[in-house]
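J.: Take a look at this one; I'll ask things after.
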Amino acid sequence: MKTTRRKFLKWSGVGALGAVVFAGCTIPERELLVQSPAQLPEDLVRGLENWYATACGQCGAGEGVIVRVVEGRALKIEGNPDHPLSRGKSTVQCQAALQALYNPTRINGPKRLTGARGSGQYEDITWDEALSEVTAALQGQATGSVVVLTDPIRGTLGMVAEKFATASGGQHWGYEALETATLHAAIKQTFNTDRLPDFDIEHSDYILSFGADFLSSWLSPVRYGRGYGEFRQGGKVRGTLVQVESRFSMTAANADHWVFVHPGREGEVALSIAYVLLSDHAGQVNAAAANALTGGQGPAALAAFAPEAVAERSGVSAEMLREMAKGLAEHPNAVVLGGGSAGATTNGLFNLNAVYALNHLIGSVGRAGGVKHNPGSPVAGLPANAKVGTFADWQDLTGKMQGGQIKVALVRSANPVYGLPSSLGFRDALNNVGKIVSFSSFMDETTIMADLILPDNSFLEAWGDDIPEAGPGHEAITFQQPVVRPMLSTKAFGDSLLDVANRLGGNVKATLPWGTMKEALQATARQLQALNRGSVQSANFQAFWNTVLQRGGWWDVNAKGAAPGGPLPKLPTEAVEPVFAGDAGGDSYFLVPFASNALGDGKGANLPWLQASPDPVTTVVWQTWVEINRKKAMEEWGIKEGDEIEIAGPGGTIRALAYLHPGVSPDVVCVPMGQGHTHYGDFEIGPDLERFKNNVGLDRGGNVFAAVTGAKVEGSGALAWAGSRVTIRKTGNWVRVPKLEGPVFADFAMVEEYLPIVKPDDSKA
Amino acid sequence: MPKAVSRLLIASMIGVVVLGVIAYFVGSAWFGLPVGAQAPDQPIAYPHTVHAGSVDSGGMGIDCTFCHRNVDKGPAATIPSVQQCMFCHANITGKGSTSPTAETEIAKLRDASAQGLPVNWLRVHRLPDHVQFVHDIHINFLSGRPDKIVNSTPVVGADGRVNAAQVCSTCHGQVATMTKVKQVRALKMGDCVDCHRENNAPTDCAVCHY
């Protein structure tokens, strides 16, 4: 090719053009801006950060966090390195709590309903008007006509709410979607204590867990996640974890053995292990405990739970049962724990009682690596246990509301309209309540039923404290202080209550002599100061107060919990069968709902960071999925990943996207909790068939609580959320499942061998 | 001409162009003046001469640190807030000033304050993102070593120290004589390392690049 003059000029032109374009690449102007802020306190040094210690209010476990604040703006939440529970660690929920502070859908200023109840039409009013209206509503109410419904709160705020409710002639209830009542009852019956114990997994060498997904969502994942690291790598012996669960949870994925068990059969498995312990390992078992638990009869008392008998019903092979017993016997620092779905079938209390009783047999109570009891509250009058209601209580309350007995309902950080099974009719019953006042920051399903909204501060803007549940094995109170000034026109719930108490006067004012929560908290602090022990001691109150706030709380590592003693409960000789609601025909499946790692029971659904946080096992984000046995789905049902599945349960019908999972039993489907909100800010809009069909993606799937039965756990009254059977059907729609893992399934031929799933021929359910 | 040779010619011309571009960038970085040297036009034509200029030359003689308050406290000297400007300009509107533009410029400031808006200045002294410079250490060091201060004649106190405001001109030049702020010192790495070497300050990479 000849280089002609023309070509030469062309190439030069191109070169020159390129040079000019490149030279246009200067620093963008916005990087060169430096700002004079409109207003600035004279003593504020800009660009420097301050870290404030406070308590995390997102997940409700009362862990300590530190918050990075720059120029009056909270920028980052980390775990408090000093705090005995968190020790510097935090979970995804704590980290994302910043978005609850800056969320654009936060309710700004008090509102009064102008339209029909549930219409969402509100007008702005002043704080004075709002508080006067609440006062007027409460004045002269008969006893039993006022209900204060909050999240499970302990400490000073719990005390204030409780006193307020009682003095107004009403009741205070703590609502939690995942009820801990069964766990509390089991702990009470097995260990004779009201406080949940701590499990010293750091020093354990063998953990046998029944249904407790402690690395992801059970009790305090921060504390157990941290402890787990020590458990595996901290000591000379690498601990062994065996997870007995109906679902391949994150904890099961981390376990050395995941033992699939049929829903509701955990108790039988535990008793079978007890039987083997008593027959084959009598030397390693605590003789006194064995005697008390079996009524002196030894293994014969548990003859009904011989491994061969239990294997078929439970889905756990006799060999594995014997192996688990051997593991417990041979490891000197073994511990057994249980919770989650194991306690959420109708025989949940039977299950958990059996599970925790194993600790007595192996002598793990009060020793290293075992069950550590928690002491009560360090301050008299300060509740260490939140007052929580069970499903039985909600049924009772619904009846009262329906009958028009409840004249005033104050609701804060509780969303029972979302979390209670629709068969209960809670939402309809709310229509018969005289006045509903909500203190919520967000317009959720319960808040939209309110007549008055007095929006609460974010926990980053409010004073408070919390006695962590479950505690670290010794006395501890986490202190919560505001790290930023309130961004919007909001008022802390405690301050609102105290203000109303002041206006009501009389008995209510007399029992709540403080003007603000800060005053009430300082009163608590004075009582702690008077103890003259623990991590902070000072004769000067100001010094004490400042130091407690600086460290994030007060604790006393020497004030440990003691074993309360008392007679051990006798083990049952017969199994309590789980009763499952819903179709028991051949085409039905056990529904195992589970708490989402990020969304919890649904509280985190309005925070995009949590929505975008992938599920640890399936990596699915922003959607509800249903885990279906992969082999069966592909071979028998013709379901592929992304097929929209309609799940028909005893409580209702929901939709979810199919996720094929090799670790799901062929007769079980697992659905996460947390999505399917009909109201919760812009990021959560409920099922809308048209949108779903068009793949617009605003539909986040179903609320699994809407599908479950309204059955109760025998003996505790809690909701048996794992006690439903469902039928499934393809709707014909398909949506690509939003997940972080790639689309190609890691299909290694030996999946079946690595994850043996025993399918019993028939189920007694 | 043979195909191979003409191909070579095309390739080498492309190579020349590419080299030219690279040379342009490297040359301008090495020899060229920084962006601030061009005394950019600011949104409000704020004259340091009037405010910080010496009383002899008709200014008010305000100390540097009166406005740039954090120069001895933190990494950034910080620009004063609009609130601070309004200490005086709440009353001083520039009406009747000898300068023809004073009133219009001050009106811009007063408007911003009335609306609660910030003022976005164009940065004159800018270091690249991979460099971290902290003012306070340098100010505090030079305050105690008045002999090291350049670009001005500091007034040394009885204890041998100077106040922070006298140190500024070492790197920023005589800002009090500038109507529009201009960068006068190169502030390139060689400049910094030279001064560090002379004063036995650490020259470890991680001191500034972290």
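For the structure tokens, the naming scheme is as follows: chains receive sequential letters (A, B, ...) according to their order of presentation, residues are indexed from 1 within each chain, and ligands are indexed from 1 in presentation order.
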Using DSSP assignments from the backbone, pull out every residue in region 22-209 of chain B that falls under strand (DSSP E) and give it to me as number ranges by chain.

T.: B: 119-122

J.: Leaving out region 33-48 of chain B and any residue of its chain fewer than 2 positions from it, which residues lie within 9 Å of it when counting only C-alpha atoms, given as number ranges by chain?

T.: B: 28-31, 50-53, 59, 101-102, 105-106, 108-109, 119-126, 175-187

J.: Per DSSP on the backbone, what are the alpha helix (DSSP H) residues of region 87-198 of chain B, as a ChimeraX atom specification?

T.: /B:87-89,102-115,135-143,169-172,189-198

J.: Those residues you just picked out, can you put them in a file as a tab-separated table (two decimals), in the first residue's frame with C-alpha atoms?

T.:
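Produced file selection.tsv, reproduced below:
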chain	number	residue	atom	x	y	z
B	87	PHE	CA	-19.97	38.67	61.26
B	88	CYS	CA	-19.00	41.83	59.42
B	89	HIS	CA	-20.95	41.76	56.22
B	102	ALA	CA	-17.73	45.72	46.04
B	103	GLU	CA	-21.45	46.12	46.44
B	104	THR	CA	-22.43	43.53	43.82
B	105	GLU	CA	-19.97	40.98	45.13
B	106	ILE	CA	-20.97	41.44	48.75
B	107	ALA	CA	-24.59	41.17	47.68
B	108	LYS	CA	-23.84	37.67	46.35
B	109	LEU	CA	-22.54	36.71	49.78
B	110	ARG	CA	-25.49	38.22	51.60
B	111	ASP	CA	-27.92	36.43	49.29
B	112	ALA	CA	-26.27	33.10	49.93
B	113	SER	CA	-26.48	33.67	53.65
B	114	ALA	CA	-30.12	34.71	53.50
B	115	GLN	CA	-31.02	31.53	51.67
B	135	HIS	CA	-1.41	21.32	57.87
B	136	ASP	CA	-1.19	21.22	61.64
B	137	ILE	CA	2.13	19.40	61.94
B	138	HIS	CA	3.79	21.75	59.50
B	139	ILE	CA	2.37	24.91	61.04
B	140	ASN	CA	3.33	23.85	64.52
B	141	PHE	CA	6.83	22.89	63.39
B	142	LEU	CA	7.50	26.07	61.51
B	143	SER	CA	6.07	28.19	64.28
B	169	SER	CA	3.39	32.41	53.26
B	170	THR	CA	6.15	29.82	53.16
B	171	CYS	CA	4.07	27.67	50.84
B	172	HIS	CA	1.31	30.01	49.78
B	189	MET	CA	7.11	16.18	45.51
B	190	GLY	CA	10.66	17.42	45.01
B	191	ASP	CA	9.75	20.62	46.74
B	192	CYS	CA	8.34	18.81	49.75
B	193	VAL	CA	11.14	16.27	50.02
B	194	ASP	CA	13.81	19.01	49.81
B	195	CYS	CA	12.31	20.85	52.74
B	196	HIS	CA	11.90	17.59	54.66
B	197	ARG	CA	15.52	16.72	54.09
B	198	GLU	CA	16.73	20.11	55.23

J.: Which residue, A:Ala255, A:Ala530, A:Leu85, A:Ala648, has the smallest gap to Ala476 (chain A) when you use only C-alpha atoms?

T.: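 Residue with the minimum atom-to-atom distance to Ala476 (chain A): A:Leu85.
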
J.: Should the cut-off be 8 Å, what would the residue list for chain B against chain A look like, counting only C-alpha atoms, as JSON, numbers by chain?

T.: {"B": [1, 2, 3, 6, 7, 14, 17, 21, 70, 73, 74, 75, 76, 78, 79, 80, 81, 82, 83, 84, 112, 113, 116, 117, 118, 119, 120, 121, 122, 123, 124, 126]}

J.: Using only N, CA and C atoms, please write the residues we just selected to a file, as a JSON list (two decimals), in the first residue's frame.

T.:
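What landed in again25.json:
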[["chain", "number", "residue", "atom", "x", "y", "z"],
["B", 1, "MET", "N", 5.96, 1.57, -3.10],
["B", 1, "MET", "CA", 6.93, 1.03, -2.16],
["B", 1, "MET", "C", 6.42, -0.29, -1.63],
["B", 2, "PRO", "N", 7.30, -1.17, -1.22],
["B", 2, "PRO", "CA", 6.87, -2.53, -0.81],
["B", 2, "PRO", "C", 5.89, -2.47, 0.37],
["B", 3, "LYS", "N", 5.03, -3.49, 0.40],
["B", 3, "LYS", "CA", 3.97, -3.53, 1.42],
["B", 3, "LYS", "C", 4.53, -3.48, 2.83],
["B", 6, "SER", "N", 5.69, 0.01, 3.80],
["B", 6, "SER", "CA", 4.63, 1.00, 4.04],
["B", 6, "SER", "C", 3.85, 0.66, 5.30],
["B", 7, "ARG", "N", 3.76, -0.65, 5.56],
["B", 7, "ARG", "CA", 3.10, -1.02, 6.83],
["B", 7, "ARG", "C", 3.91, -0.51, 8.00],
["B", 14, "ILE", "N", 1.78, 5.83, 13.78],
["B", 14, "ILE", "CA", 0.89, 5.66, 14.93],
["B", 14, "ILE", "C", 1.70, 5.72, 16.21],
["B", 17, "VAL", "N", 2.49, 9.23, 17.10],
["B", 17, "VAL", "CA", 1.32, 9.93, 17.66],
["B", 17, "VAL", "C", 1.15, 9.55, 19.14],
["B", 21, "VAL", "N", 1.42, 11.92, 22.45],
["B", 21, "VAL", "CA", 0.42, 12.12, 23.50],
["B", 21, "VAL", "C", 1.03, 11.91, 24.87],
["B", 70, "ASN", "N", -8.52, 26.17, 61.29],
["B", 70, "ASN", "CA", -8.06, 24.86, 61.74],
["B", 70, "ASN", "C", -6.67, 24.53, 61.25],
["B", 73, "LYS", "N", -4.80, 22.89, 63.78],
["B", 73, "LYS", "CA", -5.56, 21.91, 64.57],
["B", 73, "LYS", "C", -5.81, 20.62, 63.80],
["B", 74, "GLY", "N", -5.81, 20.69, 62.50],
["B", 74, "GLY", "CA", -6.20, 19.51, 61.75],
["B", 74, "GLY", "C", -5.52, 19.44, 60.40],
["B", 75, "PRO", "N", -5.91, 18.47, 59.59],
["B", 75, "PRO", "CA", -5.23, 18.31, 58.30],
["B", 75, "PRO", "C", -5.54, 19.43, 57.31],
["B", 76, "ALA", "N", -6.75, 19.95, 57.37],
["B", 76, "ALA", "CA", -7.13, 20.98, 56.40],
["B", 76, "ALA", "C", -7.19, 22.33, 57.11],
["B", 78, "THR", "N", -9.08, 24.71, 56.28],
["B", 78, "THR", "CA", -10.53, 24.99, 56.20],
["B", 78, "THR", "C", -10.87, 26.41, 55.83],
["B", 79, "ILE", "N", -11.84, 26.51, 54.97],
["B", 79, "ILE", "CA", -12.35, 27.80, 54.51],
["B", 79, "ILE", "C", -13.42, 28.23, 55.51],
["B", 80, "PRO", "N", -13.49, 29.51, 55.81],
["B", 80, "PRO", "CA", -14.51, 29.94, 56.79],
["B", 80, "PRO", "C", -15.92, 29.76, 56.25],
["B", 81, "SER", "N", -16.86, 29.63, 57.16],
["B", 81, "SER", "CA", -18.25, 29.46, 56.77],
["B", 81, "SER", "C", -18.85, 30.81, 56.40],
["B", 82, "VAL", "N", -19.96, 30.73, 55.69],
["B", 82, "VAL", "CA", -20.66, 31.96, 55.30],
["B", 82, "VAL", "C", -21.07, 32.73, 56.55],
["B", 83, "GLN", "N", -21.41, 31.97, 57.57],
["B", 83, "GLN", "CA", -21.80, 32.57, 58.85],
["B", 83, "GLN", "C", -20.71, 33.49, 59.38],
["B", 84, "GLN", "N", -19.46, 33.05, 59.19],
["B", 84, "GLN", "CA", -18.35, 33.85, 59.71],
["B", 84, "GLN", "C", -18.19, 35.14, 58.91],
["B", 112, "ALA", "N", -26.53, 34.50, 49.57],
["B", 112, "ALA", "CA", -26.27, 33.10, 49.93],
["B", 112, "ALA", "C", -26.60, 32.87, 51.40],
["B", 113, "SER", "N", -26.22, 33.81, 52.22],
["B", 113, "SER", "CA", -26.48, 33.67, 53.65],
["B", 113, "SER", "C", -27.97, 33.69, 53.94],
["B", 116, "GLY", "N", -29.44, 30.49, 53.19],
["B", 116, "GLY", "CA", -28.85, 29.34, 53.87],
["B", 116, "GLY", "C", -28.05, 28.45, 52.95],
["B", 117, "LEU", "N", -27.52, 29.07, 51.87],
["B", 117, "LEU", "CA", -26.77, 28.27, 50.91],
["B", 117, "LEU", "C", -25.27, 28.41, 51.15],
["B", 118, "PRO", "N", -24.50, 27.38, 50.80],
["B", 118, "PRO", "CA", -23.04, 27.51, 50.92],
["B", 118, "PRO", "C", -22.47, 28.25, 49.71],
["B", 119, "VAL", "N", -21.20, 28.62, 49.80],
["B", 119, "VAL", "CA", -20.50, 29.21, 48.65],
["B", 119, "VAL", "C", -19.48, 28.19, 48.18],
["B", 120, "ASN", "N", -19.51, 27.87, 46.92],
["B", 120, "ASN", "CA", -18.59, 26.86, 46.38],
["B", 120, "ASN", "C", -17.43, 27.54, 45.69],
["B", 121, "TRP", "N", -16.30, 27.61, 46.39],
["B", 121, "TRP", "CA", -15.10, 28.23, 45.83],
["B", 121, "TRP", "C", -14.37, 27.25, 44.94],
["B", 122, "LEU", "N", -13.57, 27.80, 44.03],
["B", 122, "LEU", "CA", -12.71, 26.95, 43.20],
["B", 122, "LEU", "C", -11.38, 26.80, 43.91],
["B", 123, "ARG", "N", -10.99, 25.56, 44.09],
["B", 123, "ARG", "CA", -9.77, 25.28, 44.84],
["B", 123, "ARG", "C", -8.55, 25.75, 44.08],
["B", 124, "VAL", "N", -7.66, 26.46, 44.75],
["B", 124, "VAL", "CA", -6.44, 26.95, 44.11],
["B", 124, "VAL", "C", -5.29, 25.99, 44.37],
["B", 126, "ARG", "N", -4.12, 22.45, 45.10],
["B", 126, "ARG", "CA", -4.64, 21.10, 45.09],
["B", 126, "ARG", "C", -3.50, 20.11, 44.94]]

J.: For Thr65 (chain B), find every residue with an atom within 10 Å (counting only C-alpha atoms), except residues of its own chain fewer than 3 positions away, and show them as an NGL selection string.

T.: :B and (62 or 68-72 or 77-78 or 80 or 163-166 or 168)

J.: Tell me, as an MDAnalysis selection string, which residues lie within 10 Å of Arg195 (chain A), counting only C-alpha atoms; anything in the same chain fewer than 2 positions away does not count.

T.: chainID A and resid 184 187:188 191:193 197:198 373:377 384:385 469:471 561

J.: Just N, CA and C atoms for this one: save the residues we selected as a PDB file, in the first residue's frame.

T.:
ATOM      1  N   HIS A 184     -38.020 -19.525  75.958  1.00  0.00           N
ATOM      2  CA  HIS A 184     -38.027 -19.124  77.368  1.00  0.00           C
ATOM      3  C   HIS A 184     -38.661 -20.193  78.237  1.00  0.00           C
ATOM      4  N   ILE A 187     -36.300 -23.129  78.610  1.00  0.00           N
ATOM      5  CA  ILE A 187     -35.202 -22.794  79.526  1.00  0.00           C
ATOM      6  C   ILE A 187     -35.704 -22.799  80.962  1.00  0.00           C
ATOM      7  N   LYS A 188     -36.889 -22.272  81.148  1.00  0.00           N
ATOM      8  CA  LYS A 188     -37.444 -22.222  82.494  1.00  0.00           C
ATOM      9  C   LYS A 188     -37.678 -23.629  83.019  1.00  0.00           C
ATOM     10  N   PHE A 191     -33.944 -25.433  83.147  1.00  0.00           N
ATOM     11  CA  PHE A 191     -32.908 -24.883  84.028  1.00  0.00           C
ATOM     12  C   PHE A 191     -33.449 -24.048  85.167  1.00  0.00           C
ATOM     13  N   ASN A 192     -34.762 -23.872  85.218  1.00  0.00           N
ATOM     14  CA  ASN A 192     -35.399 -23.149  86.316  1.00  0.00           C
ATOM     15  C   ASN A 192     -34.953 -21.691  86.409  1.00  0.00           C
ATOM     16  N   THR A 193     -34.712 -21.050  85.274  1.00  0.00           N
ATOM     17  CA  THR A 193     -34.335 -19.653  85.290  1.00  0.00           C
ATOM     18  C   THR A 193     -35.141 -18.891  84.231  1.00  0.00           C
ATOM     19  N   PRO A 197     -29.813 -18.369  78.799  1.00  0.00           N
ATOM     20  CA  PRO A 197     -28.389 -18.519  79.114  1.00  0.00           C
ATOM     21  C   PRO A 197     -27.518 -18.146  77.930  1.00  0.00           C
ATOM     22  N   ASP A 198     -26.265 -18.006  78.222  1.00  0.00           N
ATOM     23  CA  ASP A 198     -25.287 -17.812  77.162  1.00  0.00           C
ATOM     24  C   ASP A 198     -24.627 -19.160  76.906  1.00  0.00           C
ATOM     25  N   HIS A 373     -25.211 -19.487  82.780  1.00  0.00           N
ATOM     26  CA  HIS A 373     -26.417 -18.778  83.181  1.00  0.00           C
ATOM     27  C   HIS A 373     -26.189 -17.285  83.243  1.00  0.00           C
ATOM     28  N   ASN A 374     -27.244 -16.545  82.951  1.00  0.00           N
ATOM     29  CA  ASN A 374     -27.184 -15.097  83.030  1.00  0.00           C
ATOM     30  C   ASN A 374     -27.863 -14.607  84.294  1.00  0.00           C
ATOM     31  N   PRO A 375     -27.257 -13.635  84.956  1.00  0.00           N
ATOM     32  CA  PRO A 375     -27.894 -13.109  86.156  1.00  0.00           C
ATOM     33  C   PRO A 375     -29.061 -12.202  85.796  1.00  0.00           C
ATOM     34  N   GLY A 376     -29.794 -11.800  86.782  1.00  0.00           N
ATOM     35  CA  GLY A 376     -30.916 -10.897  86.556  1.00  0.00           C
ATOM     36  C   GLY A 376     -30.425  -9.470  86.359  1.00  0.00           C
ATOM     37  N   SER A 377     -31.359  -8.547  86.416  1.00  0.00           N
ATOM     38  CA  SER A 377     -31.008  -7.155  86.188  1.00  0.00           C
ATOM     39  C   SER A 377     -30.163  -6.620  87.347  1.00  0.00           C
ATOM     40  N   ALA A 384     -34.979  -7.026  82.951  1.00  0.00           N
ATOM     41  CA  ALA A 384     -33.957  -7.664  82.120  1.00  0.00           C
ATOM     42  C   ALA A 384     -34.604  -8.544  81.068  1.00  0.00           C
ATOM     43  N   ASN A 385     -35.843  -8.896  81.298  1.00  0.00           N
ATOM     44  CA  ASN A 385     -36.595  -9.681  80.308  1.00  0.00           C
ATOM     45  C   ASN A 385     -37.670  -8.786  79.726  1.00  0.00           C
ATOM     46  N   GLU A 469     -30.187  -9.456  75.647  1.00  0.00           N
ATOM     47  CA  GLU A 469     -30.758 -10.799  75.755  1.00  0.00           C
ATOM     48  C   GLU A 469     -30.319 -11.579  74.544  1.00  0.00           C
ATOM     49  N   ALA A 470     -29.616 -12.647  74.545  1.00  0.00           N
ATOM     50  CA  ALA A 470     -29.092 -13.233  75.753  1.00  0.00           C
ATOM     51  C   ALA A 470     -27.802 -12.549  76.193  1.00  0.00           C
ATOM     52  N   GLY A 471     -27.632 -12.448  77.462  1.00  0.00           N
ATOM     53  CA  GLY A 471     -26.486 -11.725  77.985  1.00  0.00           C
ATOM     54  C   GLY A 471     -25.192 -12.508  77.854  1.00  0.00           C
ATOM     55  N   GLY A 561     -24.029 -15.206  86.420  1.00  0.00           N
ATOM     56  CA  GLY A 561     -25.275 -15.882  86.743  1.00  0.00           C
ATOM     57  C   GLY A 561     -24.973 -17.188  87.454  1.00  0.00           C
TER      58      GLY A 561
END

J.: Calculate how many Å separate CA of Ala718 (chain A) from CA of Thr653 (chain A), rounding to one decimal.

T.: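 Calculated distance between CA of Ala718 (chain A) and CA of Thr653 (chain A) is 22.2 Å.
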
J.: So which residues touch Gly582 (chain A) within 6 Å, counting only C-alpha atoms, skipping near sequence neighbours fewer than 6 positions away, as a count of residues only?

T.: 3

J.: When you look at region 172-181 of chain A with a cut-off of 6 Å (counting only C-alpha atoms), what residues show up, excluding the ones that are within fewer than 5 positions of it in the same chain? I need them as a ChimeraX atom specification.

T.: /A:147-152,162,165,387-389,419

J.: Could the residues in this selection be written to a file with N, CA and C atoms, as a compact mmCIF listing (two decimals), in the first residue's frame?

T.:
# COMPACT_ATOMS: atom_id res chain seq x y z
N VAL A 147 -54.00 -0.35 75.52
CA VAL A 147 -52.92 -1.31 75.28
C VAL A 147 -51.74 -0.57 74.66
N VAL A 148 -50.56 -0.84 75.20
CA VAL A 148 -49.32 -0.26 74.67
C VAL A 148 -48.55 -1.40 74.02
N LEU A 149 -48.39 -1.33 72.71
CA LEU A 149 -47.79 -2.42 71.94
C LEU A 149 -46.44 -1.96 71.41
N THR A 150 -45.37 -2.59 71.90
CA THR A 150 -44.04 -2.16 71.44
C THR A 150 -43.25 -3.36 70.95
N ASP A 151 -42.03 -3.11 70.54
CA ASP A 151 -41.10 -4.21 70.30
C ASP A 151 -40.66 -4.70 71.69
N PRO A 152 -40.00 -5.85 71.76
CA PRO A 152 -39.59 -6.32 73.09
C PRO A 152 -38.53 -5.39 73.67
N GLU A 162 -43.82 0.07 80.60
CA GLU A 162 -44.59 -0.79 81.49
C GLU A 162 -45.33 0.04 82.53
N ALA A 165 -48.18 2.07 80.93
CA ALA A 165 -49.34 1.26 80.60
C ALA A 165 -50.13 0.90 81.85
N LYS A 387 -41.19 -7.93 78.21
CA LYS A 387 -42.50 -8.56 78.35
C LYS A 387 -43.02 -8.82 76.96
N VAL A 388 -43.03 -10.06 76.54
CA VAL A 388 -43.48 -10.36 75.20
C VAL A 388 -44.77 -11.15 75.23
N GLY A 389 -45.56 -10.93 74.23
CA GLY A 389 -46.82 -11.66 74.13
C GLY A 389 -46.62 -12.90 73.26
N GLY A 419 -46.96 -9.49 60.56
CA GLY A 419 -46.33 -10.72 61.05
C GLY A 419 -47.27 -11.77 61.62

J.: Can you work out which one of A:Val726, A:Phe590, A:Glu123, A:Met634 has the shortest atom-to-atom distance to Ile654 (chain A), counting only C-alpha atoms?

T.: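 The answer is A:Val726, which sits nearest to Ile654 (chain A).
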